[in-house]
Amino acid sequence: MHAAARDFEARWGLTPMSPLDRTARRRPVTGEAEKAARRGLAETARESLQRTVRQAAALAHGDTDFLDRLRDAGLRVRERLGDDENLVGYSVALPGDRADGGTRPVWFAGSTLAYDLSLPRVRERFTPLVTPADWALAEHRIREASLLLGRAGQDEGAGDVAALGDLLAVAAAHSRPWSATGSRRRPTRASRPPGPPAPATWRAAPVPDGAP
């Protein structure tokens, strides 16, 4: 299959990919499948852990939040710390999934569950919270773009960019509580068209009938 993929890439001018990029889903080994069958389970421990860890990774905002979500989901969690006591890895196990005659849990490191579930890859999912400074910077850039387009005679483009200011105002109004007293009203300045100050009721474009 790797050889066929290389042939297709060469034939159709596709970007050559490494045949061993480790991104493929790691499937359970034979012993894991047999163990699940003996216990009457619909999926193996590895598959169950992959699903649960991936859900926690998608929702988490940081290391502590991620590990807490794993524990809240009922998993056993073991942290691996570096010499500086910072988190460098983690392992998870299903309650009741034991080896060696029931003497120890069956641990799976995140990197052995799936390539994208190693701690560095999980951390890439963490989305930083939007801060007032982020809103202010976005407002400044939108306003500046609208003015530049207006000075260049691109009034239609300026209006389109100014409409983005309306979108920013709506986003700020529906963001975290700080926006109610911070950036909630400030982005409206970015929605003004270039030129003399417009009335407070100015809109960048009419709203079609029936539109929300």
# chains A, B, ... in the order shown; residues from 1 in each chain; ligands from 1
$ select_by_dssp --residues "region 59-101 of chain A" --states "strand (DSSP E or B)" --output "MDAnalysis selection string"
chainID A and resid 76:81 87:93 98:99
$ residues_around --residues "Ala58 (chain A)" --least-positions-apart "4" --cutoff "10 Å" --atoms "only C-alpha atoms" --output "PDB file with all heavy atoms, in the first residue's frame"
ATOM      1  N   VAL A  53      -9.970   9.885  26.081  1.00  0.00           N
ATOM      2  CA  VAL A  53      -8.883  10.854  26.149  1.00  0.00           C
ATOM      3  C   VAL A  53      -9.039  11.910  25.064  1.00  0.00           C
ATOM      4  O   VAL A  53      -8.795  13.101  25.295  1.00  0.00           O
ATOM      5  CB  VAL A  53      -7.521  10.141  26.031  1.00  0.00           C
ATOM      6  CG1 VAL A  53      -6.388  11.152  25.931  1.00  0.00           C
ATOM      7  CG2 VAL A  53      -7.302   9.227  27.224  1.00  0.00           C
ATOM      8  N   ARG A  54      -9.456  11.511  23.880  1.00  0.00           N
ATOM      9  CA  ARG A  54      -9.622  12.473  22.793  1.00  0.00           C
ATOM     10  C   ARG A  54     -10.723  13.482  23.122  1.00  0.00           C
ATOM     11  O   ARG A  54     -10.607  14.671  22.808  1.00  0.00           O
ATOM     12  CB  ARG A  54      -9.917  11.736  21.490  1.00  0.00           C
ATOM     13  CG  ARG A  54      -9.828  12.609  20.253  1.00  0.00           C
ATOM     14  CD  ARG A  54      -9.747  11.799  18.994  1.00  0.00           C
ATOM     15  NE  ARG A  54      -8.389  11.328  18.730  1.00  0.00           N
ATOM     16  CZ  ARG A  54      -8.034  10.049  18.699  1.00  0.00           C
ATOM     17  NH1 ARG A  54      -8.940   9.112  18.909  1.00  0.00           N
ATOM     18  NH2 ARG A  54      -6.783   9.710  18.459  1.00  0.00           N
ATOM     19  N   PHE A  66      -7.144  19.163  31.710  1.00  0.00           N
ATOM     20  CA  PHE A  66      -7.124  17.915  30.943  1.00  0.00           C
ATOM     21  C   PHE A  66      -7.091  16.699  31.862  1.00  0.00           C
ATOM     22  O   PHE A  66      -7.893  15.773  31.712  1.00  0.00           O
ATOM     23  CB  PHE A  66      -5.904  17.921  30.018  1.00  0.00           C
ATOM     24  CG  PHE A  66      -5.647  16.633  29.297  1.00  0.00           C
ATOM     25  CD1 PHE A  66      -6.595  16.085  28.443  1.00  0.00           C
ATOM     26  CD2 PHE A  66      -4.446  15.949  29.477  1.00  0.00           C
ATOM     27  CE1 PHE A  66      -6.354  14.892  27.773  1.00  0.00           C
ATOM     28  CE2 PHE A  66      -4.202  14.765  28.819  1.00  0.00           C
ATOM     29  CZ  PHE A  66      -5.161  14.231  27.969  1.00  0.00           C
ATOM     30  N   VAL A 122      -1.478  16.916  22.612  1.00  0.00           N
ATOM     31  CA  VAL A 122      -2.670  17.349  23.342  1.00  0.00           C
ATOM     32  C   VAL A 122      -2.575  18.831  23.659  1.00  0.00           C
ATOM     33  O   VAL A 122      -3.556  19.581  23.539  1.00  0.00           O
ATOM     34  CB  VAL A 122      -2.842  16.524  24.634  1.00  0.00           C
ATOM     35  CG1 VAL A 122      -3.898  17.149  25.543  1.00  0.00           C
ATOM     36  CG2 VAL A 122      -3.250  15.092  24.293  1.00  0.00           C
ATOM     37  N   ARG A 123      -1.400  19.283  24.055  1.00  0.00           N
ATOM     38  CA  ARG A 123      -1.227  20.696  24.397  1.00  0.00           C
ATOM     39  C   ARG A 123      -1.479  21.610  23.210  1.00  0.00           C
ATOM     40  O   ARG A 123      -1.860  22.776  23.380  1.00  0.00           O
ATOM     41  CB  ARG A 123       0.179  20.919  24.948  1.00  0.00           C
ATOM     42  CG  ARG A 123       0.348  20.462  26.394  1.00  0.00           C
ATOM     43  CD  ARG A 123       1.773  20.492  26.846  1.00  0.00           C
ATOM     44  NE  ARG A 123       1.905  20.299  28.285  1.00  0.00           N
ATOM     45  CZ  ARG A 123       3.017  19.948  28.897  1.00  0.00           C
ATOM     46  NH1 ARG A 123       4.126  19.744  28.182  1.00  0.00           N
ATOM     47  NH2 ARG A 123       3.044  19.795  30.206  1.00  0.00           N
ATOM     48  N   ARG A 125      -3.876  21.451  21.331  1.00  0.00           N
ATOM     49  CA  ARG A 125      -5.316  21.677  21.251  1.00  0.00           C
ATOM     50  C   ARG A 125      -5.786  22.795  22.180  1.00  0.00           C
ATOM     51  O   ARG A 125      -6.872  23.336  21.990  1.00  0.00           O
ATOM     52  CB  ARG A 125      -6.079  20.403  21.627  1.00  0.00           C
ATOM     53  CG  ARG A 125      -5.954  19.242  20.666  1.00  0.00           C
ATOM     54  CD  ARG A 125      -6.567  18.017  21.329  1.00  0.00           C
ATOM     55  NE  ARG A 125      -6.884  16.934  20.423  1.00  0.00           N
ATOM     56  CZ  ARG A 125      -6.044  16.005  20.034  1.00  0.00           C
ATOM     57  NH1 ARG A 125      -4.795  16.048  20.470  1.00  0.00           N
ATOM     58  NH2 ARG A 125      -6.428  15.036  19.235  1.00  0.00           N
ATOM     59  N   PHE A 126      -5.011  23.106  23.207  1.00  0.00           N
ATOM     60  CA  PHE A 126      -5.449  24.069  24.201  1.00  0.00           C
ATOM     61  C   PHE A 126      -5.600  25.438  23.557  1.00  0.00           C
ATOM     62  O   PHE A 126      -4.643  25.987  23.004  1.00  0.00           O
ATOM     63  CB  PHE A 126      -4.456  24.151  25.365  1.00  0.00           C
ATOM     64  CG  PHE A 126      -4.275  22.856  26.105  1.00  0.00           C
ATOM     65  CD1 PHE A 126      -3.125  22.604  26.826  1.00  0.00           C
ATOM     66  CD2 PHE A 126      -5.266  21.892  26.086  1.00  0.00           C
ATOM     67  CE1 PHE A 126      -2.955  21.414  27.525  1.00  0.00           C
ATOM     68  CE2 PHE A 126      -5.107  20.688  26.772  1.00  0.00           C
ATOM     69  CZ  PHE A 126      -3.955  20.452  27.490  1.00  0.00           C
ATOM     70  N   THR A 127      -6.775  26.003  23.639  1.00  0.00           N
ATOM     71  CA  THR A 127      -7.050  27.305  23.040  1.00  0.00           C
ATOM     72  C   THR A 127      -6.971  28.376  24.110  1.00  0.00           C
ATOM     73  O   THR A 127      -7.724  28.328  25.086  1.00  0.00           O
ATOM     74  CB  THR A 127      -8.461  27.323  22.419  1.00  0.00           C
ATOM     75  OG1 THR A 127      -8.553  26.284  21.439  1.00  0.00           O
ATOM     76  CG2 THR A 127      -8.739  28.672  21.771  1.00  0.00           C
TER      77      THR A 127
END
$ closest_residue --among "A:Gly159, A:Pro120, A:Gly74, A:Gly82" --to "Thr52 (chain A)" --atoms "only C-alpha atoms"
A:Gly74
$ atom_distance --atom1 "CA of Ala93 (chain A)" --atom2 "CA of Leu75 (chain A)"
5.9 Å
